[in-house]
Each structure stands twice: as C-alpha cells, then as structure tokens.
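Have a look at the structure below, then the notes.
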Amino acid sequence: MSGSEGTAVITAKALTKRFGDFEAVKGTDFEVRAGEAFGFLGPNGAGKSSTMRMIGAVSPVTSGELRIFGLDPADDGRKIRARLGVVPQQDELDEFLTVKDNLVIYGRYFDIPLKACREKAMELLEFVQLADRADSKVQPLSGGMKRRVTIARSLMSDPEILLLDEPTTGLDPQARHVLWDRLYRLKQQGVTLVLTTHYMDEAEQLCDRLVVMDQGEIAAEGSPAELIRTHSPREVLELRFPAGTNAEHAPKVEGVGARQEVLPDRILIYADDGEAALSEVHRRQAVPESALVRRSTLEDVFLRLTGRTLVE
Amino acid sequence: MMGLSTPPAVRVWEHQLILYRRIWASNVVVSIVRPLLYVLGMGLGVGGLVDDGPRADEVLDGLTYFQFFAPAMIATTAMMVLVNDSLWPIRGGFLWNRTFFSQAASPISPGEIVGGVALWHLTKGLLSSVGVAVVLALFPSTRTWGLIPAVGVGALTGVAFAAPLTTWAAWRETDLSFPNINRFVIVPMFLFSGAFYPISQLPTWLQWFSRITPVWHGVELCRGAVYGGLSLGDVVVHVVYLLAWAGVGWVLARKVFADRLGN
C-alpha cells in the first residue's frame, strides 16, 4: 500500500502564501497520491498549517498553482470541500452538545439527510471506540477522546482525503497509539491521509512519504527510510557531559564520527557504527557521564537539514 | 426525503436549533415571565401614579399608562435578547468552540454562514416577541389583532441590533468592549426609547438621540400596530430605518466573516 502507483490527488507548484509582508509558504512543490499517507514534518511556524488551509480550500493561494482532485480551489472550493475531511489543530467541537449531536450537525453541513446522519454518527462512534459516550456531553471527555470525536466528525461525509493538522499534539502516549491505529485502518480502507506533525515518531509511524518543511520551504522529500538513509549515517552516539562542559569536550571528540552536532544538553556523533565511535571516544579519554547508541531518526534528518531541532 | 437539498444557510441555522432544543423550556418561561413582571410592575405601579395625573390624557394620547407602556415591551425585549445573542455567541463561534471555522471547512461559504446566523437571529426575535405578545393578549386593554404585526416589528427591531453587533463581535480582537456596549449603548437606548414615556417629554437634543436609535422606531411601530394611529408615511420611515440597520449590518458581517474565515 505504498501508493506509489496512485494517481495524484493533490499537486502544488511554486505554492506561495503571504500574510502582509510575511511569507508563510515560499514556493513549495509537492504531490500527494491517492491512497497514501503523506506528511508535512516541521517545527511550529514552518508553514504546515498554512499549506493545509490552502489544501482545505478555505485559505486563498497567494501565487503558484494548487490542484485538489484536479480542481482549482479558487474556482471550485465548495466542490473540493465536499470531498475532504478536516481534522483541525484545535478540536472545534460544540461543548454544549452531545458527542453524537456534534457528529450529526456536522453531517448536516454537508447536506446529508438527518436520518442518514444519525446512523452514520453511531457507526463512526463505534469505529473510534466511543459508542458508549454517544449521549455524553463533549466537555468532560479527555483530550484523546475529543480528538477521536473530531476524527469521527471529519468522516461523516465519507471524505476521499483526510486532512489532519497536528493530530496528536498534546495527547499522552497511549491516546496517541489508539489514534494512530484508527488512522492506519482508514488508510487501509483507501482514504488518503495528509497530515502535519512536529513529531518525528508520528511521521515515521504514519507516513508513506513526507516532506520536511522549515521556514516556509521544503528541505527534503521521500519516505521516512529514504530520508534517513540519504541524510544521516545509520547510527547516532549521544554523549552527555557534565552541564556546561559541552564546548570544552566538543574538540576532543571532533572527527570521531562522520559529523557531530553540539546541542545544549548533549553532543550527537553520527557514525555508521555507534559502538566503534564510543570506543574511540573512550580511547581519547573524553569520558561522558552517559552514552547511548541509537538508530538515526527523522529528528536527525531535520537537524542535519536545518541545523535546528524539531521540538524546542 | 433523500435527494432533497437544504439551503446552506438553513443548515447553519439547524445547528442553533439543536442547541436551543436543550434550553427551550427555560427560555420560553423567561420570555413570558419577564415581560409579565415588567408589564405588571411598570404598568400597574407607575400607571397608578400617572393615570391620575393632571396631564395624563394629553401626554398619552388617551391611552392608560399600562396600554402605553405594554406594546413597547415587544420591541425592547427583542432588542435585549438579540444583543446577548449577537455578542458573546458570535465571538465564541470564532474563538471558543470555533463553530464558524468548522462550517467554513464544509461546503458552506462564509456568506452562507452569515445567512444562517441572520436566520437564527430572526427566529429568536420572533420567539421573544411572541412571548411578550402572549402576555399582552392576556389583558383586555392590550388585546388587539395588531399584536400579530407587532411580533414582526419586534423581530425586525431585534435584527436591527443583531446585525451590526454581529459584525462588531466578529471584527473585534477582544470582548472588553462588550459589557460597555450593554452599559453605555443599550441601556441608554432602552431608557430613551419612548417605551416608558413619550419622547416629547425630553429636551430636543435628547429627542434626536431617541430618533437615531433603532429601538424608538420599533417602539413607535409596535404601539402603532396595537392601537393604530400611525400614518402610512410614518410606518414606511420606521420600517425602512430598521431594515437599513439590519441590511447594512449583514453586508458588513459578510465582509468580516469572509476575511476572518478565509485568510
């Protein structure tokens, strides 16, 4: 299900969004294919949400070309929105209504008949494992539950593409895994997923392909594995020295790996063989307080491409 | 009913209807009990003093104070109800539950969202006016067929406030001004609306203040509807004035909603 043979459902060429003097999206090119899970990975302020709002046909494109289902959002916004499901960054649920009524009224926005809305709402609450909360008010639900209600709500109109803006930000690990599982099932059912995230683990878990965004630009594109392979050696050695002594230790371990990054709290050494690198560090008598060898992740790719970490 | 499509503005209106379903009982009680208390308290209490006064017939056009005051409540109640329905709930739609953003992400356009809000305000204006009219129908001295058109006038008065205040609430970044709108705009309008006494009792400059406020036009129309006595020309001027406030308000609201939801 890599979706590589799928037809393009979203294409962007030199896509630009400006708010006054501020350029939020600076001429990006990307393509999303039917049935794949496509991610925008980047820190806050990278231009991910602006991109999503343009794809959602609510925010006008400043310049460049954007097509969703081959349609131009400037001319066919209503037709496009009718075929999209949107999970916004904030939940936007009506706290005075029950869980079920939130879904029913959302279905009505899409002009689905009331009776069909009621049936669909129950079906979707089963899907997100909240059927027993159908008649509960939204207010007392946990953050993870509200997120699932929002996802169920976005599915009321049987969307072909689901847009998820930071789907699991602020959720605890267990709630995130429940959510990922549901999203994975949707993808198996053939729904195209487009998501933004600043969590590299989320991107690795969910995305077939992703673009790394930073300051309105796309820094790299590919599958998570490809990106890691292309932009980072296989392993990372993380060294922690006593607080405030990183600068002093950095020259000692210089050249141990292919590359090193000095962060405020640790030094990262990129090497194909992390254990060998650690032996070399010890040989140079630069004794860290702790050392950890791990595989390279998208976080490392991001650091490599932008010189900054994803989550500050 | 499959295949029949509902106009987008009506679908926005339905959201409010679902919300209202949960509070309608208490709302109906309030919209009858409140005018009843007002009418009895002011009409009988103040009326007892005024009707025995030396200039009563001359000032009130031959009406008792109770008769004079009661129909005005249709317009002023609709105003009060819709002021509250158009400040914080509109702000909430952008800021708290962000309902308007949800609607804008669906096939519904910002202009249609404004249409739905307008429909809802009209509905609330009608409901609150009906409540007062029911109270007036209880008393023989205010029971006329004119209560029926007066209900329409009440709703129109309400939306003449709701439309510009919806624009205001959608446009402002904070709600700090909202309590002051109530204190320094709505309450003075209420006091100088000609509901409690004819504005001819006021100094000329204050009479002009009354004439500018939409609510005075609503009060005059309601009283005229219940007892007659307005010329066609007066009716046209009052109705056009109220329609103008509503119309300009909604045109501006469409602009502000479009800017906020589609930037």
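Each chain in the structure tokens gets a letter, A, B and so on, in the order shown; residues start at 1 in every chain, and ligands are counted from 1 in the order they appear.
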
Write out as a VMD selection string each polymer residue whose atoms come within 12 Å of range 43-57 of chain B, counting only C-alpha atoms; drop sequence neighbours fewer than 2 positions from it.
chain B and resid 35 to 41 59 to 73 136 139 141 to 142 195 to 198 201

Generate a file of the selected residues that holds N, CA and C atoms, formatted as a CSV table (one decimal), in the first residue's frame.
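Result saved to again-v2.csv:
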```
chain,number,residue,atom,x,y,z
B,35,PRO,N,-41.6,39.7,30.6
B,35,PRO,CA,-42.5,40.7,30.2
B,35,PRO,C,-43.7,40.9,31.2
B,36,LEU,N,-44.1,39.7,31.7
B,36,LEU,CA,-45.3,39.8,32.6
B,36,LEU,C,-44.9,40.7,33.8
B,37,LEU,N,-43.7,40.4,34.4
B,37,LEU,CA,-43.3,41.2,35.6
B,37,LEU,C,-43.2,42.6,35.2
B,38,TYR,N,-42.6,42.9,34.1
B,38,TYR,CA,-42.4,44.3,33.7
B,38,TYR,C,-43.7,45.0,33.5
B,39,VAL,N,-44.6,44.3,32.7
B,39,VAL,CA,-45.9,44.9,32.4
B,39,VAL,C,-46.7,45.2,33.7
B,40,LEU,N,-46.7,44.3,34.6
B,40,LEU,CA,-47.4,44.4,35.9
B,40,LEU,C,-46.7,45.5,36.7
B,41,GLY,N,-45.4,45.4,36.9
B,41,GLY,CA,-44.7,46.3,37.8
B,41,GLY,C,-44.8,47.7,37.3
B,59,VAL,N,-50.8,63.8,27.3
B,59,VAL,CA,-49.5,63.2,27.0
B,59,VAL,C,-49.6,61.8,26.4
B,60,LEU,N,-50.5,61.0,26.9
B,60,LEU,CA,-50.5,59.6,26.4
B,60,LEU,C,-51.6,59.3,25.3
B,61,ASP,N,-52.0,60.4,24.7
B,61,ASP,CA,-53.0,60.2,23.6
B,61,ASP,C,-54.2,59.4,24.0
B,62,GLY,N,-54.7,59.6,25.2
B,62,GLY,CA,-55.9,58.9,25.6
B,62,GLY,C,-55.7,57.5,26.0
B,63,LEU,N,-54.4,57.0,26.0
B,63,LEU,CA,-54.2,55.6,26.5
B,63,LEU,C,-53.9,55.7,28.0
B,64,THR,N,-54.2,54.5,28.7
B,64,THR,CA,-53.8,54.4,30.1
B,64,THR,C,-52.3,54.2,30.0
B,65,TYR,N,-51.6,54.4,31.1
B,65,TYR,CA,-50.1,54.1,31.1
B,65,TYR,C,-49.8,52.7,30.8
B,66,PHE,N,-50.6,51.8,31.4
B,66,PHE,CA,-50.5,50.4,31.1
B,66,PHE,C,-50.5,50.1,29.6
B,67,GLN,N,-51.5,50.7,28.9
B,67,GLN,CA,-51.7,50.5,27.5
B,67,GLN,C,-50.5,51.1,26.7
B,68,PHE,N,-50.1,52.2,27.2
B,68,PHE,CA,-49.0,52.9,26.5
B,68,PHE,C,-47.7,52.1,26.6
B,69,PHE,N,-47.4,51.7,27.8
B,69,PHE,CA,-46.1,51.0,28.0
B,69,PHE,C,-46.0,49.6,27.5
B,70,ALA,N,-47.1,48.8,27.6
B,70,ALA,CA,-47.0,47.4,27.3
B,70,ALA,C,-46.5,47.0,25.9
B,71,PRO,N,-47.1,47.6,24.8
B,71,PRO,CA,-46.6,47.2,23.5
B,71,PRO,C,-45.1,47.5,23.2
B,72,ALA,N,-44.6,48.5,23.9
B,72,ALA,CA,-43.2,48.8,23.7
B,72,ALA,C,-42.3,47.7,24.1
B,73,MET,N,-42.8,46.9,25.1
B,73,MET,CA,-42.0,45.8,25.6
B,73,MET,C,-41.7,44.8,24.5
B,136,LEU,N,-49.5,40.2,26.5
B,136,LEU,CA,-50.4,41.3,26.2
B,136,LEU,C,-51.8,40.8,25.9
B,139,PHE,N,-54.5,40.6,28.6
B,139,PHE,CA,-55.2,41.7,29.2
B,139,PHE,C,-56.1,42.3,28.2
B,141,SER,N,-57.3,45.2,27.7
B,141,SER,CA,-57.0,46.6,27.3
B,141,SER,C,-55.8,46.6,26.3
B,142,THR,N,-55.1,45.5,26.2
B,142,THR,CA,-54.0,45.4,25.2
B,142,THR,C,-54.2,44.3,24.1
B,195,ALA,N,-40.3,54.0,25.4
B,195,ALA,CA,-41.1,52.9,25.9
B,195,ALA,C,-41.8,53.3,27.2
B,196,PHE,N,-41.1,54.1,28.1
B,196,PHE,CA,-41.6,54.4,29.4
B,196,PHE,C,-42.4,55.7,29.4
B,197,TYR,N,-42.1,56.6,28.4
B,197,TYR,CA,-42.8,57.9,28.3
B,197,TYR,C,-42.6,58.4,26.9
B,198,PRO,N,-43.5,59.2,26.4
B,198,PRO,CA,-43.3,59.8,25.0
B,198,PRO,C,-42.1,60.6,25.0
B,201,GLN,N,-41.5,64.4,26.0
B,201,GLN,CA,-41.2,64.8,27.3
B,201,GLN,C,-39.7,65.2,27.5
```

Enumerate as an MDAnalysis selection string the residues belonging to chain A that approach chain B to within 9 Å, with only C-alpha atoms taken into account.
chainID A and resid 19 53 56:60 77:86 88 90:97 101 105:106 108:113

Let me see the file: selected residues, C-alpha atoms, as a short mmCIF file (atom, residue, chain, number, x, y, z; two decimals), in the first residue's frame.
```cif
data_model
loop_
_atom_site.label_atom_id
_atom_site.label_comp_id
_atom_site.auth_asym_id
_atom_site.auth_seq_id
_atom_site.Cartn_x
_atom_site.Cartn_y
_atom_site.Cartn_z
CA PHE A 19 0.14 37.37 5.03
CA ARG A 53 -5.62 25.57 4.97
CA GLY A 56 -8.63 22.66 2.58
CA ALA A 57 -9.87 25.30 0.11
CA VAL A 58 -10.52 27.87 2.83
CA SER A 59 -7.37 29.97 2.53
CA PRO A 60 -6.73 31.51 -0.91
CA GLY A 77 -13.74 25.49 -3.34
CA ARG A 78 -17.18 24.20 -2.49
CA LYS A 79 -16.81 21.05 -4.61
CA ILE A 80 -13.39 20.36 -3.14
CA ARG A 81 -14.51 20.88 0.46
CA ALA A 82 -17.40 18.48 -0.10
CA ARG A 83 -14.87 15.68 -0.73
CA LEU A 84 -12.45 16.48 2.11
CA GLY A 85 -12.48 15.57 5.79
CA VAL A 86 -10.79 18.09 8.05
CA PRO A 88 -8.19 20.97 12.58
CA GLN A 90 -7.96 22.68 17.71
CA ASP A 91 -10.93 20.39 18.17
CA GLU A 92 -13.70 22.91 17.39
CA LEU A 93 -16.39 20.75 19.00
CA ASP A 94 -19.54 22.28 20.42
CA GLU A 95 -19.14 21.63 24.12
CA PHE A 96 -22.82 22.23 24.84
CA LEU A 97 -23.91 19.41 22.53
CA ASP A 101 -25.14 15.66 18.07
CA ILE A 105 -24.88 18.55 12.90
CA TYR A 106 -21.54 18.30 11.11
CA ARG A 108 -25.86 18.34 8.07
CA TYR A 109 -23.27 20.92 6.98
CA PHE A 110 -22.63 18.52 4.10
CA ASP A 111 -26.36 18.27 3.41
CA ILE A 112 -26.55 14.62 4.41
CA PRO A 113 -30.16 13.79 5.38
#
```

Give me, as a PyMOL selection string, all polymer residues having an atom no more than 10 Å from Asn182 in chain B, counting only C-alpha atoms and skipping those fewer than 5 positions away in the same chain.
chain B and resi 80+83-84+87+177+187-189

Can you tell me how far CA of Asp158 in chain A sits from CA of Gly107 in chain A, in Å to one decimal?
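CA of Gly107 in chain A lies at a distance of 9.9 Å from CA of Asp158 in chain A.
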
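Using only C-alpha atoms, the nearest neighbour of Leu183 in chain A within the list A:Glu202, A:Glu254, A:Asp135, A:Asp272 is A:Glu202.
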
Go through range 48-296 of chain A and collect every residue that DSSP, computed from the backbone, puts in strand (DSSP E); the answer should be as a VMD selection string.
chain A and resid 63 to 68 84 to 87 161 to 165 192 to 197 209 to 214 217 to 222 235 to 240 259 to 262 267 to 271 290 to 295
